[in-house]
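Asker: Would you mind keeping the following structure in view while I ask a few things?
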Amino acid sequence: MDFEPMVERKRRRFEELEREIAAPGLFDNPSHAREVLREHGTTKELLGHWDSFSKAQRELGENRELAESGDKEFAEMAREEITRIEAELPGLERAVQIALLPPEPDEDRDAIVEIRAGTGGTEAALFAADLYRMYSRYAESLGLKVEPGSYV
(Lines give C-alpha, C1' and ligand atoms only; values in the text may rest on other atoms or scores of the structure.)
Protein backbone atom coordinates (compact mmCIF):
# COMPACT_ATOMS: atom_id res chain seq x y z
CA MET A 1 0.00 0.00 0.00
CA ASP A 2 1.23 3.49 -0.80
CA PHE A 3 1.33 5.60 2.34
CA GLU A 4 3.13 8.53 0.70
CA PRO A 5 0.08 10.85 0.26
CA MET A 6 -1.12 10.28 3.84
CA VAL A 7 2.35 10.84 5.25
CA GLU A 8 2.78 14.03 3.22
CA ARG A 9 -0.49 15.36 4.65
CA LYS A 10 0.77 14.53 8.13
CA ARG A 11 4.10 16.21 7.33
CA ARG A 12 2.29 19.43 6.34
CA ARG A 13 0.15 19.19 9.48
CA PHE A 14 3.33 18.70 11.53
CA GLU A 15 4.72 21.96 10.15
CA GLU A 16 1.47 23.73 11.10
CA LEU A 17 1.70 22.27 14.60
CA GLU A 18 5.32 23.45 14.91
CA ARG A 19 4.23 26.99 14.06
CA GLU A 20 1.33 26.75 16.50
CA ILE A 21 3.63 25.54 19.29
CA ALA A 22 6.01 28.41 18.62
CA ALA A 23 3.16 30.91 19.02
CA PRO A 24 3.38 32.87 22.29
CA GLY A 25 -0.29 32.43 23.25
CA LEU A 26 -0.42 28.64 23.04
CA PHE A 27 -0.95 28.09 26.76
CA ASP A 28 -3.72 30.68 27.07
CA ASN A 29 -6.08 27.75 26.51
CA PRO A 30 -4.59 24.75 28.36
CA SER A 31 -6.93 22.13 26.88
CA HIS A 32 -6.14 23.31 23.34
CA ALA A 33 -2.42 23.30 24.16
CA ARG A 34 -2.69 19.73 25.47
CA GLU A 35 -4.39 18.61 22.24
CA VAL A 36 -1.83 20.37 20.06
CA LEU A 37 1.09 18.85 21.98
CA ARG A 38 -0.49 15.38 21.88
CA GLU A 39 -1.05 15.59 18.13
CA HIS A 40 2.48 16.93 17.67
CA GLY A 41 3.91 13.94 19.55
CA THR A 42 1.95 11.33 17.61
CA THR A 43 2.72 13.00 14.29
CA LYS A 44 6.41 13.21 15.15
CA GLU A 45 6.39 9.50 15.99
CA LEU A 46 4.71 8.68 12.66
CA LEU A 47 7.25 10.72 10.72
CA GLY A 48 10.09 8.95 12.52
CA HIS A 49 8.65 5.56 11.56
CA TRP A 50 8.17 6.76 7.99
CA ASP A 51 11.74 8.01 7.73
CA SER A 52 13.04 4.63 8.96
CA PHE A 53 10.82 2.79 6.48
CA SER A 54 11.85 5.02 3.56
CA LYS A 55 15.53 4.68 4.45
CA ALA A 56 15.22 0.88 4.55
CA GLN A 57 13.51 0.86 1.15
CA ARG A 58 16.26 3.06 -0.31
CA GLU A 59 18.98 0.86 1.16
CA LEU A 60 17.26 -2.23 -0.22
CA GLY A 61 17.25 -0.77 -3.73
CA GLU A 62 20.89 0.28 -3.48
CA ASN A 63 21.94 -3.13 -2.20
CA ARG A 64 20.06 -4.88 -4.98
CA GLU A 65 22.05 -2.83 -7.47
CA LEU A 66 25.29 -3.70 -5.68
CA ALA A 67 24.35 -7.40 -5.63
CA GLU A 68 24.23 -7.34 -9.42
CA SER A 69 27.63 -5.65 -9.74
CA GLY A 70 30.72 -7.46 -10.95
CA ASP A 71 32.64 -7.24 -7.66
CA LYS A 72 32.06 -10.50 -5.77
CA GLU A 73 32.87 -9.11 -2.33
CA PHE A 74 30.46 -6.18 -2.70
CA ALA A 75 27.81 -8.49 -4.14
CA GLU A 76 28.11 -10.89 -1.19
CA MET A 77 27.93 -8.07 1.37
CA ALA A 78 24.95 -6.59 -0.48
CA ARG A 79 23.12 -9.95 -0.44
CA GLU A 80 23.63 -10.19 3.33
CA GLU A 81 22.24 -6.68 3.76
CA ILE A 82 19.31 -7.51 1.49
CA THR A 83 18.24 -10.40 3.71
CA ARG A 84 18.57 -8.22 6.84
CA ILE A 85 16.58 -5.36 5.33
CA GLU A 86 13.89 -7.65 3.93
CA ALA A 87 13.43 -9.05 7.44
CA GLU A 88 13.09 -5.53 8.91
CA LEU A 89 10.74 -4.04 6.29
CA PRO A 90 7.48 -5.72 7.38
CA GLY A 91 7.95 -4.51 10.97
CA LEU A 92 8.72 -0.98 9.81
CA GLU A 93 5.70 -0.98 7.51
CA ARG A 94 3.48 -2.22 10.32
CA ALA A 95 4.76 0.55 12.59
CA VAL A 96 3.81 3.12 9.92
CA GLN A 97 0.37 1.56 9.53
CA ILE A 98 -0.27 1.62 13.27
CA ALA A 99 0.96 5.21 13.55
CA LEU A 100 -1.44 6.23 10.76
CA LEU A 101 -4.45 4.89 12.66
CA PRO A 102 -6.60 7.53 14.31
CA PRO A 103 -6.16 7.69 18.09
CA GLU A 104 -8.70 6.11 20.41
CA PRO A 105 -10.74 8.79 22.16
CA ASP A 106 -10.00 7.43 25.65
CA GLU A 107 -6.44 6.25 25.21
CA ASP A 108 -4.91 9.12 27.19
CA ARG A 109 -7.29 8.82 30.10
CA ASP A 110 -6.48 7.36 33.49
CA ALA A 111 -8.06 4.15 34.78
CA ILE A 112 -8.78 3.04 38.31
CA VAL A 113 -8.79 -0.68 38.95
CA GLU A 114 -10.19 -1.80 42.27
CA ILE A 115 -9.29 -5.22 43.61
CA ARG A 116 -11.06 -6.39 46.76
CA ALA A 117 -10.71 -9.60 48.64
CA GLY A 118 -14.42 -9.87 49.32
CA THR A 119 -15.67 -12.76 51.40
CA GLY A 120 -13.59 -15.89 51.70
CA GLY A 121 -11.11 -15.05 54.37
CA THR A 122 -7.40 -15.63 53.91
CA GLU A 123 -7.69 -17.38 50.55
CA ALA A 124 -9.61 -14.45 49.05
CA ALA A 125 -7.01 -12.01 50.38
CA LEU A 126 -4.17 -14.09 48.91
CA PHE A 127 -5.95 -14.27 45.57
CA ALA A 128 -6.51 -10.49 45.59
CA ALA A 129 -2.80 -9.94 46.32
CA ASP A 130 -1.82 -12.27 43.46
CA LEU A 131 -4.25 -10.50 41.15
CA TYR A 132 -2.84 -7.11 42.14
CA ARG A 133 0.74 -8.23 41.46
CA MET A 134 -0.30 -9.70 38.11
CA TYR A 135 -2.04 -6.52 36.94
CA SER A 136 0.76 -4.30 38.27
CA ARG A 137 3.47 -6.22 36.45
CA TYR A 138 1.42 -6.31 33.26
CA ALA A 139 0.83 -2.55 33.39
CA GLU A 140 4.52 -1.89 34.05
CA SER A 141 5.51 -4.13 31.13
CA LEU A 142 3.36 -1.88 28.93
CA GLY A 143 5.10 1.19 30.32
CA LEU A 144 2.09 2.36 32.31
CA LYS A 145 2.37 4.07 35.66
CA VAL A 146 0.91 2.21 38.65
CA GLU A 147 -0.08 4.09 41.79
CA PRO A 148 -1.38 1.91 44.61
CA GLY A 149 -4.05 3.56 46.67
CA SER A 150 -6.20 2.74 49.62
CA TYR A 151 -9.83 3.78 49.38
CA VAL A 152 -11.45 2.64 52.59
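Numbering starts fresh at 1 for the residues of each chain in the C-alpha coordinates, the chains themselves are lettered A, B, ... in the order given, and ligands are numbered from 1 as they appear.
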Which stretch 60-126 of chain A residues have any atom within 12 Å of an atom of stretch 136-150 of chain A, and for each, what is the nearest pair of atoms with distance in Å to one decimal, counting only C-alpha atoms, rows sorted by chain and number, as a Markdown table?
Answerer:
| residue | atom | partner | partner_atom | distance |
| --- | --- | --- | --- | --- |
| A:Glu107 | CA | A:Leu144 | CA | 11.8 |
| A:Asp108 | CA | A:Leu144 | CA | 11.0 |
| A:Arg109 | CA | A:Leu144 | CA | 11.6 |
| A:Asp110 | CA | A:Lys145 | CA | 9.7 |
| A:Ala111 | CA | A:Val146 | CA | 10.0 |
| A:Ile112 | CA | A:Glu147 | CA | 9.4 |
| A:Val113 | CA | A:Pro148 | CA | 9.7 |
| A:Glu114 | CA | A:Gly149 | CA | 9.3 |
| A:Ile115 | CA | A:Ser150 | CA | 10.4 |
| A:Arg116 | CA | A:Ser150 | CA | 10.7 |
Asker: Give me the residues near A:Arg79 as a list in words, where near means some atom within 9 Å (using only C-alpha atoms) and where sequence neighbours in that chain fewer than 5 positions away do not count.
Answerer: Asn63, Arg64, Leu66, Ala67, Phe74 and Arg84 of chain A
Asker: Which of these residues is nearest to A:Thr43, using only C-alpha atoms: A:Ala129, A:Gln57, A:Val96, A:Thr83?
Answerer: A:Val96
Asker: For A:Ala117, please output as a list in words all residues within 6 Å (counting only C-alpha atoms; exclusion window: fewer than 2 positions along the same chain).
Answerer: Ala124, Ala125 and Ala128 of chain A
Asker: What is the distance between atom CA of A:Arg12 and atom CA of A:Glu35, in Å to one decimal?
Answerer: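 Distance reported for this atom pair: 17.3 Å.
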Asker: For A:His40, work out the shell of residues within 9 Å, counting only C-alpha atoms and skipping chain neighbours fewer than 5 positions away, then give it as a PyMOL selection string.
Answerer: chain A and resi 13-14+17-18+21+35+45
Asker: Let me see the file: selected residues, all heavy atoms, as a PDB file, in the first residue's frame.
Answerer:
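To be explicit, this is the file written out as result_9.pdb:
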ATOM      1  N   ARG A  13       0.822  18.914   8.210  1.00  0.00           N
ATOM      2  CA  ARG A  13       0.153  19.193   9.483  1.00  0.00           C
ATOM      3  C   ARG A  13       1.190  19.371  10.601  1.00  0.00           C
ATOM      4  O   ARG A  13       1.027  20.218  11.471  1.00  0.00           O
ATOM      5  CB  ARG A  13      -0.810  18.054   9.826  1.00  0.00           C
ATOM      6  CG  ARG A  13      -1.506  18.198  11.147  1.00  0.00           C
ATOM      7  CD  ARG A  13      -2.458  19.370  11.158  1.00  0.00           C
ATOM      8  NE  ARG A  13      -3.075  19.470  12.478  1.00  0.00           N
ATOM      9  CZ  ARG A  13      -3.390  20.594  13.071  1.00  0.00           C
ATOM     10  NH1 ARG A  13      -3.205  21.749  12.462  1.00  0.00           N
ATOM     11  NH2 ARG A  13      -3.927  20.603  14.261  1.00  0.00           N
ATOM     12  N   PHE A  14       2.271  18.590  10.541  1.00  0.00           N
ATOM     13  CA  PHE A  14       3.334  18.703  11.535  1.00  0.00           C
ATOM     14  C   PHE A  14       3.962  20.091  11.485  1.00  0.00           C
ATOM     15  O   PHE A  14       4.238  20.688  12.527  1.00  0.00           O
ATOM     16  CB  PHE A  14       4.387  17.621  11.295  1.00  0.00           C
ATOM     17  CG  PHE A  14       5.486  17.601  12.305  1.00  0.00           C
ATOM     18  CD1 PHE A  14       5.265  17.125  13.583  1.00  0.00           C
ATOM     19  CD2 PHE A  14       6.752  18.062  11.980  1.00  0.00           C
ATOM     20  CE1 PHE A  14       6.278  17.107  14.529  1.00  0.00           C
ATOM     21  CE2 PHE A  14       7.774  18.053  12.914  1.00  0.00           C
ATOM     22  CZ  PHE A  14       7.530  17.571  14.189  1.00  0.00           C
ATOM     23  N   LEU A  17       1.633  22.439  13.149  1.00  0.00           N
ATOM     24  CA  LEU A  17       1.703  22.267  14.602  1.00  0.00           C
ATOM     25  C   LEU A  17       2.959  22.909  15.176  1.00  0.00           C
ATOM     26  O   LEU A  17       2.920  23.490  16.261  1.00  0.00           O
ATOM     27  CB  LEU A  17       1.656  20.784  14.962  1.00  0.00           C
ATOM     28  CG  LEU A  17       0.324  20.082  14.709  1.00  0.00           C
ATOM     29  CD1 LEU A  17       0.487  18.580  14.852  1.00  0.00           C
ATOM     30  CD2 LEU A  17      -0.759  20.605  15.631  1.00  0.00           C
ATOM     31  N   GLU A  18       4.071  22.806  14.455  1.00  0.00           N
ATOM     32  CA  GLU A  18       5.319  23.446  14.906  1.00  0.00           C
ATOM     33  C   GLU A  18       5.127  24.957  15.012  1.00  0.00           C
ATOM     34  O   GLU A  18       5.575  25.566  15.986  1.00  0.00           O
ATOM     35  CB  GLU A  18       6.450  23.141  13.916  1.00  0.00           C
ATOM     36  CG  GLU A  18       6.896  21.700  13.904  1.00  0.00           C
ATOM     37  CD  GLU A  18       7.971  21.427  14.913  1.00  0.00           C
ATOM     38  OE1 GLU A  18       9.029  22.071  14.837  1.00  0.00           O
ATOM     39  OE2 GLU A  18       7.735  20.568  15.787  1.00  0.00           O
ATOM     40  N   ILE A  21       2.910  25.691  18.025  1.00  0.00           N
ATOM     41  CA  ILE A  21       3.627  25.537  19.295  1.00  0.00           C
ATOM     42  C   ILE A  21       4.543  26.724  19.543  1.00  0.00           C
ATOM     43  O   ILE A  21       4.726  27.165  20.675  1.00  0.00           O
ATOM     44  CB  ILE A  21       4.406  24.205  19.308  1.00  0.00           C
ATOM     45  CG1 ILE A  21       3.421  23.046  19.432  1.00  0.00           C
ATOM     46  CG2 ILE A  21       5.430  24.156  20.408  1.00  0.00           C
ATOM     47  CD1 ILE A  21       4.041  21.688  19.275  1.00  0.00           C
ATOM     48  N   GLU A  35      -4.044  19.299  23.493  1.00  0.00           N
ATOM     49  CA  GLU A  35      -4.392  18.605  22.244  1.00  0.00           C
ATOM     50  C   GLU A  35      -3.328  18.826  21.167  1.00  0.00           C
ATOM     51  O   GLU A  35      -2.954  17.904  20.455  1.00  0.00           O
ATOM     52  CB  GLU A  35      -5.761  19.080  21.735  1.00  0.00           C
ATOM     53  CG  GLU A  35      -6.918  18.543  22.519  1.00  0.00           C
ATOM     54  CD  GLU A  35      -6.994  17.032  22.444  1.00  0.00           C
ATOM     55  OE1 GLU A  35      -6.852  16.465  21.350  1.00  0.00           O
ATOM     56  OE2 GLU A  35      -7.177  16.417  23.510  1.00  0.00           O
ATOM     57  N   GLU A  45       6.115  10.937  15.946  1.00  0.00           N
ATOM     58  CA  GLU A  45       6.389   9.496  15.991  1.00  0.00           C
ATOM     59  C   GLU A  45       6.135   8.849  14.632  1.00  0.00           C
ATOM     60  O   GLU A  45       6.944   8.055  14.145  1.00  0.00           O
ATOM     61  CB  GLU A  45       5.510   8.854  17.057  1.00  0.00           C
ATOM     62  CG  GLU A  45       5.729   7.370  17.215  1.00  0.00           C
ATOM     63  CD  GLU A  45       4.804   6.754  18.252  1.00  0.00           C
ATOM     64  OE1 GLU A  45       4.167   7.502  19.023  1.00  0.00           O
ATOM     65  OE2 GLU A  45       4.721   5.520  18.284  1.00  0.00           O
TER      66      GLU A  45
END
Asker: Between atom CA of A:Glu65 and atom CA of A:Pro90, what distance in Å does the model show, to one decimal?
Answerer: 21.0 Å
Asker: Which neighbours of stretch 98-103 of chain A fall inside 12 Å, counting only C-alpha atoms, when residues of the same chain fewer than 6 positions from it are skipped, and could you give them as number ranges by chain?
Answerer: A: 3-11, 35, 38-39, 41-50, 91-92
Asker: Which residues are near A:Arg58? Cut-off 12 Å, only C-alpha atoms, ignore same chain within fewer than 4 positions. Put them as a list in words.
Answerer: Asp51, Ser52, Phe53, Ser54, Glu62, Asn63, Arg64, Glu65, Ile82, Ile85, Glu86 and Leu89 of chain A
